[in-house]
Amino acid sequence: MIGTFSLHRFFRTITVAAAVVSPAAADDFHVENKIYNPHDKKAQPAETTTIFASGRVYDFMEAPAETIVFDPSQDLFLLLDPNRRMMTQVTTGDVSTEITKLREAAQNHKSEAVREAAAAKFSESIDPKTGALKLTNRWMKYEVETMAPSQPQVARQYAEFADWMAQLNVLLRSADPPFPRLALNRVLRQRQELPVKITRTTSAEEKSAFRLKEKESVICSEHKILMALDKEDRERIEEAGREMHTFEKVSFEEYHRIQGEAQARAEASLKR
C-alpha cells in the first residue's frame with residue numbers, strides 16, 4: 001500500500017520549511033480543536049492542535065500522542081508516534097484508493113442509508129436567527145457556526161486538509177465513512193469560510209458501513225483559529241523535524257497494527 005517516496009528528501013524539505021516559518025505569512029495559522037459528546041459529561045474531549053506553516057500542515061494529537069504531517073505538494077502524510085519512537089508514511093494516492101473501494105462498497109450496500117451516505121446529498125440552509133449553516137438529510141444533520149477569514153485561501157487550505165484527514169482517519173481508526181464530512185467541506189470551501197463549531201446529529205435509523213447506530217448520536221467539534229504562529233508553534237514544528245530523523249521507520253501496516261494493539265490494551269484496562 002505504501003509508496004516509495006524518499007524519506008530523506010522529505011526530511012530535507014521539511015527541515016528547511018521549519019527554519020523559515022514566519023508569523024506574518026498569510027497562509028500560516030494555528031487551530032486548536034476539541035471534539036466531544038455534549039451528552040457525555042464524564043468523557044474527556046479529544047484535543048488536537050493543527051499548525052499550517054509554509055504550505056504544510058502539522059496535526060498534534062494529545063492522547064494518545066501522535067503527530068501527522070501533511071505535505072500537499074508531495075501528496076504525502078508522515079505519521080509519528082512519540083511514545084514508541086516510530087514513524088511511517090502514506091501517500092494521498094494510497095488513501096484515495098482505499099476510500100474509492102469503500103465508496104463502491106457503500107454504493108452497492110443493501111442498506112438504503114449506507115447508499116445515501118455514499119452519495120452524501122444534503123439540503124443546505126441558513127438559520128435566520130443564529131446565522132448557522134445547516135446541512136440536513138434523512139439520516140444526518142450538520143449545524144455549523146462559521147467565520148470568514150481575511151485571506152480566502154485560508155478556507156481552501158483548511159478544507160483540503162480536512163478532506164484528507166477525514167479519509168485518513170478511516171484507515172487509521174476505523175472511523176465512519178468520510179463522505180458526509182467531505183460534502184460539508186465542499187460547502188465551506190465554496191463559501192470561503194472556516195468552521196468555528198460543528199454539531200453533527202445522526203438519527204437513530206442511520207446505518208454506517210461499519211455499525212448499526214441504535215440511538216441518535218451527537219458529536220461536537222470546536223475550533224479556535226489563530227491567524228499567526230508563535231514561538232511554541234515553531235518549536236513544535238522543529239521537534240517534529242528532529243523526530244523524523246531519529247524515529248524507527250516502519251511500514252504503514254506495521255504502524256497501524258502496533259497502534260491498534262496498544263489501543264485495544266488501553267480499552268481493556270479501562271473495563272477492568
# chains A, B, ... in the order shown; residues from 1 in each chain; ligands from 1

$ closest_atom_pairs --of "range 99-165 of chain A" --to "range 75-82 of chain A" --cutoff "12 Å" --atoms "only C-alpha atoms" --output "tab-separated table"
residue	atom	partner	partner_atom	distance
A:Glu160	CA	A:Asp75	CA	11.6
A:Phe161	CA	A:Phe77	CA	10.8
A:Trp164	CA	A:Phe77	CA	9.4
A:Met165	CA	A:Phe77	CA	9.7

$ write_last_selection --atoms "C-alpha atoms" --output "short mmCIF file (atom, residue, chain, number, x, y, z; two decimals), in the first residue's frame"
data_model
loop_
_atom_site.label_atom_id
_atom_site.label_comp_id
_atom_site.auth_asym_id
_atom_site.auth_seq_id
_atom_site.Cartn_x
_atom_site.Cartn_y
_atom_site.Cartn_z
CA GLU A 160 -8.17 20.50 1.71
CA PHE A 161 -6.59 19.29 4.95
CA TRP A 164 -7.67 14.30 3.58
CA MET A 165 -7.82 13.85 7.36
#

$ residues_around --residues "range 44-60 of chain A" --least-positions-apart "6" --cutoff "6 Å" --atoms "only C-alpha atoms" --output "list in words"
Asp28, Phe29, His30, Val31, Glu32, Asn33, Lys34, Ile35, Tyr36, Thr67, Ile68, Val69, Phe70 and Asp71 of chain A

$ write_last_selection --atoms "N, CA and C atoms" --output "compact mmCIF listing (two decimals), in the first residue's frame"
# COMPACT_ATOMS: atom_id res chain seq x y z
N ASP A 28 -0.07 31.05 7.13
CA ASP A 28 0.37 30.38 8.35
C ASP A 28 -0.65 30.67 9.45
N PHE A 29 -1.25 29.61 10.01
CA PHE A 29 -2.21 29.81 11.09
C PHE A 29 -2.27 28.59 11.97
N HIS A 30 -2.96 28.73 13.08
CA HIS A 30 -2.96 27.74 14.16
C HIS A 30 -4.42 27.49 14.54
N VAL A 31 -4.78 26.20 14.69
CA VAL A 31 -6.15 25.85 15.06
C VAL A 31 -6.12 24.91 16.26
N GLU A 32 -6.82 25.28 17.31
CA GLU A 32 -6.97 24.41 18.48
C GLU A 32 -8.33 23.72 18.37
N ASN A 33 -8.31 22.38 18.40
CA ASN A 33 -9.51 21.58 18.16
C ASN A 33 -9.93 20.80 19.40
N LYS A 34 -11.22 20.72 19.61
CA LYS A 34 -11.76 19.92 20.71
C LYS A 34 -12.99 19.19 20.19
N ILE A 35 -13.02 17.85 20.38
CA ILE A 35 -14.12 17.01 19.91
C ILE A 35 -14.72 16.30 21.10
N TYR A 36 -16.06 16.33 21.21
CA TYR A 36 -16.68 15.76 22.40
C TYR A 36 -18.15 15.43 22.13
N THR A 67 1.73 12.63 15.92
CA THR A 67 1.87 13.79 15.05
C THR A 67 1.70 13.33 13.61
N ILE A 68 0.83 14.02 12.89
CA ILE A 68 0.63 13.74 11.47
C ILE A 68 1.06 14.98 10.69
N VAL A 69 1.99 14.79 9.76
CA VAL A 69 2.47 15.88 8.91
C VAL A 69 1.94 15.65 7.51
N PHE A 70 1.26 16.64 6.98
CA PHE A 70 0.69 16.56 5.63
C PHE A 70 1.40 17.53 4.73
N ASP A 71 1.98 17.01 3.64
CA ASP A 71 2.64 17.85 2.65
C ASP A 71 1.89 17.71 1.33

$ residues_around --residues "Pro152 in chain A" --least-positions-apart "2" --cutoff "6 Å" --atoms "only C-alpha atoms" --output "PDB file with N, CA, C and O atoms, in the first residue's frame"
ATOM      1  N   VAL A 154      -7.116  30.759   3.007  1.00  0.00           N
ATOM      2  CA  VAL A 154      -7.049  30.027   4.276  1.00  0.00           C
ATOM      3  C   VAL A 154      -8.181  29.007   4.345  1.00  0.00           C
ATOM      4  O   VAL A 154      -7.989  27.870   4.795  1.00  0.00           O
ATOM      5  N   ALA A 155      -9.380  29.392   3.897  1.00  0.00           N
ATOM      6  CA  ALA A 155     -10.506  28.461   3.892  1.00  0.00           C
ATOM      7  C   ALA A 155     -10.232  27.294   2.957  1.00  0.00           C
ATOM      8  O   ALA A 155     -10.574  26.145   3.258  1.00  0.00           O
ATOM      9  N   GLN A 192     -16.047  29.991   1.291  1.00  0.00           N
ATOM     10  CA  GLN A 192     -14.789  30.573   1.753  1.00  0.00           C
ATOM     11  C   GLN A 192     -14.854  30.881   3.248  1.00  0.00           C
ATOM     12  O   GLN A 192     -14.460  31.960   3.697  1.00  0.00           O
TER      13      GLN A 192
END

$ select_by_dssp --residues "range 50-134 of chain A" --states "alpha helix (DSSP H)" --output "list of chain:residue names"
A:Thr92, A:Gly93, A:Asp94, A:Val95, A:Ser96, A:Thr97, A:Glu98, A:Ile99, A:Thr100, A:Lys101, A:Leu102, A:Arg103, A:Glu104, A:Ala105, A:Ala106, A:Gln107, A:Glu112, A:Ala113, A:Val114, A:Arg115, A:Glu116, A:Ala117, A:Ala118, A:Ala119

$ write_last_selection --atoms "C-alpha atoms" --output "PDB file, in the first residue's frame"
ATOM      1  CA  THR A  92      -2.663  10.564  -0.718  1.00  0.00           C
ATOM      2  CA  GLY A  93      -2.939   8.230  -3.701  1.00  0.00           C
ATOM      3  CA  ASP A  94      -2.953   5.208  -1.385  1.00  0.00           C
ATOM      4  CA  VAL A  95      -5.573   6.851   0.835  1.00  0.00           C
ATOM      5  CA  SER A  96      -7.718   7.758  -2.174  1.00  0.00           C
ATOM      6  CA  THR A  97      -7.573   4.187  -3.483  1.00  0.00           C
ATOM      7  CA  GLU A  98      -8.880   2.760  -0.214  1.00  0.00           C
ATOM      8  CA  ILE A  99     -11.649   5.361   0.059  1.00  0.00           C
ATOM      9  CA  THR A 100     -12.726   4.659  -3.526  1.00  0.00           C
ATOM     10  CA  LYS A 101     -13.113   0.971  -2.595  1.00  0.00           C
ATOM     11  CA  LEU A 102     -15.162   1.996   0.440  1.00  0.00           C
ATOM     12  CA  ARG A 103     -17.422   4.236  -1.649  1.00  0.00           C
ATOM     13  CA  GLU A 104     -18.014   1.481  -4.196  1.00  0.00           C
ATOM     14  CA  ALA A 105     -18.896  -0.975  -1.420  1.00  0.00           C
ATOM     15  CA  ALA A 106     -21.261   1.570   0.149  1.00  0.00           C
ATOM     16  CA  GLN A 107     -22.930   2.326  -3.179  1.00  0.00           C
ATOM     17  CA  GLU A 112     -30.555   2.437   1.727  1.00  0.00           C
ATOM     18  CA  ALA A 113     -28.978   4.554   4.462  1.00  0.00           C
ATOM     19  CA  VAL A 114     -25.483   3.348   3.576  1.00  0.00           C
ATOM     20  CA  ARG A 115     -26.073   4.010  -0.128  1.00  0.00           C
ATOM     21  CA  GLU A 116     -27.311   7.518   0.657  1.00  0.00           C
ATOM     22  CA  ALA A 117     -24.325   8.101   2.939  1.00  0.00           C
ATOM     23  CA  ALA A 118     -22.037   7.354  -0.015  1.00  0.00           C
ATOM     24  CA  ALA A 119     -23.913   9.922  -2.122  1.00  0.00           C
TER      25      ALA A 119
END

$ closest_residue --among "A:Met61, A:Lys129, A:Arg156, A:Glu253" --to "Leu171 in chain A" --atoms "only C-alpha atoms"
A:Glu253

$ residues_around --residues "Val144 in chain A" --least-positions-apart "2" --cutoff "9 Å" --atoms "only C-alpha atoms" --output "PyMOL selection string"
chain A and resi 132-135+142+146+195-200

$ write_last_selection --atoms "C-alpha atoms" --output "JSON list (two decimals), in the first residue's frame"
[["chain", "number", "residue", "atom", "x", "y", "z"],
["A", 132, "ALA", "CA", -25.53, 29.00, 11.37],
["A", 133, "LEU", "CA", -25.07, 26.87, 8.27],
["A", 134, "LYS", "CA", -27.28, 23.76, 8.21],
["A", 135, "LEU", "CA", -26.92, 20.64, 6.09],
["A", 142, "TYR", "CA", -24.83, 19.31, 10.46],
["A", 146, "THR", "CA", -18.54, 29.72, 10.75],
["A", 195, "PRO", "CA", -15.83, 26.16, 10.93],
["A", 196, "VAL", "CA", -15.83, 27.51, 14.48],
["A", 197, "LYS", "CA", -18.21, 24.87, 15.85],
["A", 198, "ILE", "CA", -19.69, 21.80, 14.17],
["A", 199, "THR", "CA", -22.56, 19.81, 15.66],
["A", 200, "ARG", "CA", -23.32, 16.55, 13.87]]

$ closest_residue --among "A:Lys42, A:Cys220, A:Arg173, A:Thr201" --to "Glu261 in chain A" --atoms "only C-alpha atoms"
A:Arg173

$ select_by_dssp --residues "range 15-164 of chain A" --states "strand (DSSP E)" --output "compact mmCIF listing (two decimals) with N, CA, C and O atoms, in the first residue's frame"
# COMPACT_ATOMS: atom_id res chain seq x y z
N PHE A 29 -1.25 29.61 10.01
CA PHE A 29 -2.21 29.81 11.09
C PHE A 29 -2.27 28.59 11.97
O PHE A 29 -1.71 27.53 11.65
N HIS A 30 -2.96 28.73 13.08
CA HIS A 30 -2.96 27.74 14.16
C HIS A 30 -4.42 27.49 14.54
O HIS A 30 -5.20 28.42 14.69
N VAL A 31 -4.78 26.20 14.69
CA VAL A 31 -6.15 25.85 15.06
C VAL A 31 -6.12 24.91 16.26
O VAL A 31 -5.44 23.87 16.23
N GLU A 32 -6.82 25.28 17.31
CA GLU A 32 -6.97 24.41 18.48
C GLU A 32 -8.33 23.72 18.37
O GLU A 32 -9.36 24.37 18.25
N ASN A 33 -8.31 22.38 18.40
CA ASN A 33 -9.51 21.58 18.16
C ASN A 33 -9.93 20.80 19.40
O ASN A 33 -9.08 20.28 20.13
N LYS A 34 -11.22 20.72 19.61
CA LYS A 34 -11.76 19.92 20.71
C LYS A 34 -12.99 19.19 20.19
O LYS A 34 -13.90 19.79 19.64
N ILE A 35 -13.02 17.85 20.38
CA ILE A 35 -14.12 17.01 19.91
C ILE A 35 -14.72 16.30 21.10
O ILE A 35 -14.00 15.71 21.92
N TYR A 36 -16.06 16.33 21.21
CA TYR A 36 -16.68 15.76 22.40
C TYR A 36 -18.15 15.43 22.13
O TYR A 36 -18.76 15.89 21.16
N ALA A 46 -11.50 14.92 23.07
CA ALA A 46 -10.27 14.70 22.32
C ALA A 46 -9.76 16.06 21.85
O ALA A 46 -10.52 16.84 21.27
N GLU A 47 -8.49 16.34 22.11
CA GLU A 47 -7.93 17.64 21.77
C GLU A 47 -6.74 17.49 20.84
O GLU A 47 -5.89 16.62 21.04
N THR A 48 -6.69 18.32 19.84
CA THR A 48 -5.56 18.36 18.91
C THR A 48 -5.21 19.80 18.60
O THR A 48 -6.03 20.71 18.78
N THR A 49 -3.98 20.00 18.15
CA THR A 49 -3.53 21.31 17.67
C THR A 49 -3.06 21.14 16.24
O THR A 49 -2.25 20.24 15.94
N THR A 50 -3.57 21.96 15.34
CA THR A 50 -3.21 21.88 13.93
C THR A 50 -2.51 23.16 13.52
O THR A 50 -3.06 24.25 13.71
N ILE A 51 -1.30 23.02 12.98
CA ILE A 51 -0.50 24.17 12.59
C ILE A 51 -0.28 24.14 11.08
O ILE A 51 0.26 23.18 10.54
N PHE A 52 -0.72 25.20 10.40
CA PHE A 52 -0.49 25.37 8.97
C PHE A 52 0.72 26.28 8.81
O PHE A 52 0.69 27.44 9.25
N ALA A 53 1.79 25.76 8.21
CA ALA A 53 3.03 26.54 8.12
C ALA A 53 3.74 26.26 6.80
O ALA A 53 4.04 25.10 6.49
N ARG A 56 2.66 23.38 4.54
CA ARG A 56 2.48 22.07 5.16
C ARG A 56 1.56 22.19 6.37
O ARG A 56 1.32 23.29 6.87
N VAL A 57 1.06 21.03 6.84
CA VAL A 57 0.17 21.02 7.98
C VAL A 57 0.70 20.01 9.00
O VAL A 57 1.04 18.88 8.64
N TYR A 58 0.76 20.43 10.26
CA TYR A 58 1.22 19.59 11.36
C TYR A 58 0.06 19.43 12.33
O TYR A 58 -0.41 20.41 12.91
N ASP A 59 -0.38 18.19 12.51
CA ASP A 59 -1.50 17.92 13.40
C ASP A 59 -0.99 17.14 14.60
O ASP A 59 -0.51 16.01 14.46
N PHE A 60 -1.10 17.75 15.79
CA PHE A 60 -0.58 17.16 17.02
C PHE A 60 -1.75 16.68 17.87
O PHE A 60 -2.54 17.49 18.35
N MET A 61 -1.86 15.36 18.06
CA MET A 61 -2.88 14.79 18.92
C MET A 61 -2.28 14.53 20.29
O MET A 61 -1.14 14.05 20.40
N GLU A 66 0.34 11.57 19.01
CA GLU A 66 0.67 11.26 17.62
C GLU A 66 0.77 12.57 16.85
O GLU A 66 0.02 13.51 17.11
N THR A 67 1.73 12.63 15.92
CA THR A 67 1.87 13.79 15.05
C THR A 67 1.70 13.33 13.61
O THR A 67 2.32 12.36 13.18
N ILE A 68 0.83 14.02 12.89
CA ILE A 68 0.63 13.74 11.47
C ILE A 68 1.06 14.98 10.69
O ILE A 68 0.58 16.08 10.95
N VAL A 69 1.99 14.79 9.76
CA VAL A 69 2.47 15.88 8.91
C VAL A 69 1.94 15.65 7.51
O VAL A 69 2.15 14.58 6.93
N PHE A 70 1.26 16.64 6.98
CA PHE A 70 0.69 16.56 5.63
C PHE A 70 1.40 17.53 4.73
O PHE A 70 1.46 18.73 5.00
N ASP A 71 1.98 17.01 3.64
CA ASP A 71 2.64 17.85 2.65
C ASP A 71 1.89 17.71 1.33
O ASP A 71 2.12 16.76 0.57
N LEU A 76 1.67 13.56 0.38
CA LEU A 76 2.21 12.62 1.36
C LEU A 76 1.80 12.98 2.78
O LEU A 76 1.74 14.15 3.15
N PHE A 77 1.51 11.93 3.56
CA PHE A 77 1.37 12.02 5.01
C PHE A 77 2.56 11.33 5.66
O PHE A 77 2.96 10.25 5.23
N LEU A 78 3.07 11.94 6.72
CA LEU A 78 4.08 11.30 7.56
C LEU A 78 3.50 11.20 8.96
O LEU A 78 2.99 12.20 9.50
N LEU A 79 3.53 10.00 9.56
CA LEU A 79 2.94 9.76 10.87
C LEU A 79 4.03 9.45 11.87
O LEU A 79 4.90 8.59 11.61
N LEU A 80 3.99 10.12 13.02
CA LEU A 80 5.00 9.98 14.06
C LEU A 80 4.34 9.55 15.36
O LEU A 80 3.38 10.17 15.81
N ASP A 81 4.87 8.49 15.98
CA ASP A 81 4.39 8.01 17.28
C ASP A 81 5.48 8.29 18.31
O ASP A 81 6.44 7.52 18.42
N MET A 86 8.43 5.61 16.63
CA MET A 86 8.37 5.01 15.30
C MET A 86 7.62 5.93 14.36
O MET A 86 6.87 6.82 14.80
N MET A 87 7.82 5.73 13.07
CA MET A 87 7.22 6.60 12.08
C MET A 87 6.90 5.80 10.83
O MET A 87 7.46 4.72 10.58
N THR A 88 5.97 6.33 10.04
CA THR A 88 5.65 5.72 8.76
C THR A 88 5.15 6.79 7.81
O THR A 88 5.06 7.97 8.17
N GLN A 89 4.83 6.40 6.60
CA GLN A 89 4.33 7.34 5.61
C GLN A 89 3.22 6.67 4.80
O GLN A 89 3.13 5.45 4.71
N VAL A 90 2.36 7.49 4.22
CA VAL A 90 1.33 7.01 3.30
C VAL A 90 1.03 8.14 2.33
O VAL A 90 1.00 9.31 2.70
N THR A 91 0.86 7.79 1.07
CA THR A 91 0.58 8.81 0.06
C THR A 91 -0.91 9.09 -0.02
O THR A 91 -1.74 8.24 0.34
N SER A 123 -29.66 18.94 2.07
CA SER A 123 -30.32 20.22 1.84
C SER A 123 -29.56 21.27 2.63
O SER A 123 -29.23 21.07 3.80
N GLU A 124 -29.28 22.41 2.01
CA GLU A 124 -28.48 23.45 2.63
C GLU A 124 -29.36 24.65 2.99
O GLU A 124 -30.19 25.08 2.19
N SER A 125 -29.17 25.18 4.19
CA SER A 125 -29.93 26.36 4.61
C SER A 125 -29.13 27.15 5.64
O SER A 125 -28.10 26.68 6.15
N ILE A 126 -29.62 28.34 5.94
CA ILE A 126 -29.01 29.19 6.96
C ILE A 126 -30.07 29.48 8.02
O ILE A 126 -31.19 29.88 7.70
N LEU A 133 -24.89 27.68 9.46
CA LEU A 133 -25.07 26.87 8.27
C LEU A 133 -25.66 25.52 8.67
O LEU A 133 -25.21 24.90 9.63
N LYS A 134 -26.67 25.05 7.92
CA LYS A 134 -27.28 23.76 8.21
C LYS A 134 -27.28 22.89 6.96
O LYS A 134 -27.66 23.35 5.87
N LEU A 135 -26.83 21.65 7.13
CA LEU A 135 -26.92 20.64 6.09
C LEU A 135 -27.73 19.48 6.66
O LEU A 135 -27.39 18.95 7.72
N THR A 136 -28.78 19.07 5.98
CA THR A 136 -29.66 18.04 6.53
C THR A 136 -30.07 17.04 5.46
O THR A 136 -30.22 17.37 4.29
N MET A 140 -28.90 12.44 8.81
CA MET A 140 -27.86 13.21 9.48
C MET A 140 -28.13 14.70 9.35
O MET A 140 -28.74 15.16 8.37
N LYS A 141 -27.65 15.45 10.34
CA LYS A 141 -27.76 16.91 10.30
C LYS A 141 -26.47 17.53 10.79
O LYS A 141 -25.93 17.13 11.82
N TYR A 142 -25.96 18.48 10.04
CA TYR A 142 -24.83 19.31 10.46
C TYR A 142 -25.35 20.72 10.77
O TYR A 142 -26.10 21.29 9.97
N GLU A 143 -24.91 21.26 11.88
CA GLU A 143 -25.15 22.67 12.18
C GLU A 143 -23.79 23.30 12.46
O GLU A 143 -23.07 22.84 13.36
N VAL A 144 -23.44 24.32 11.71
CA VAL A 144 -22.06 24.83 11.72
C VAL A 144 -22.04 26.33 11.94
O VAL A 144 -22.65 27.09 11.19
N GLU A 145 -21.32 26.74 12.98
CA GLU A 145 -21.00 28.16 13.18
C GLU A 145 -19.70 28.43 12.43
O GLU A 145 -18.73 27.70 12.57
N THR A 146 -19.69 29.48 11.62
CA THR A 146 -18.54 29.72 10.75
C THR A 146 -17.98 31.13 10.92
O THR A 146 -18.61 32.00 11.52
N MET A 147 -16.80 31.32 10.35
CA MET A 147 -16.20 32.64 10.25
C MET A 147 -15.54 32.75 8.88
O MET A 147 -15.11 31.75 8.30

$ atom_distance --atom1 "CA of Ser150 in chain A" --atom2 "CA of Leu188 in chain A"
14.8 Å

$ atom_distance --atom1 "CA of Glu216 in chain A" --atom2 "CA of Asn137 in chain A"
14.1 Å

$ atom_distance --atom1 "CA of Phe247 in chain A" --atom2 "CA of Asp27 in chain A"
29.0 Å
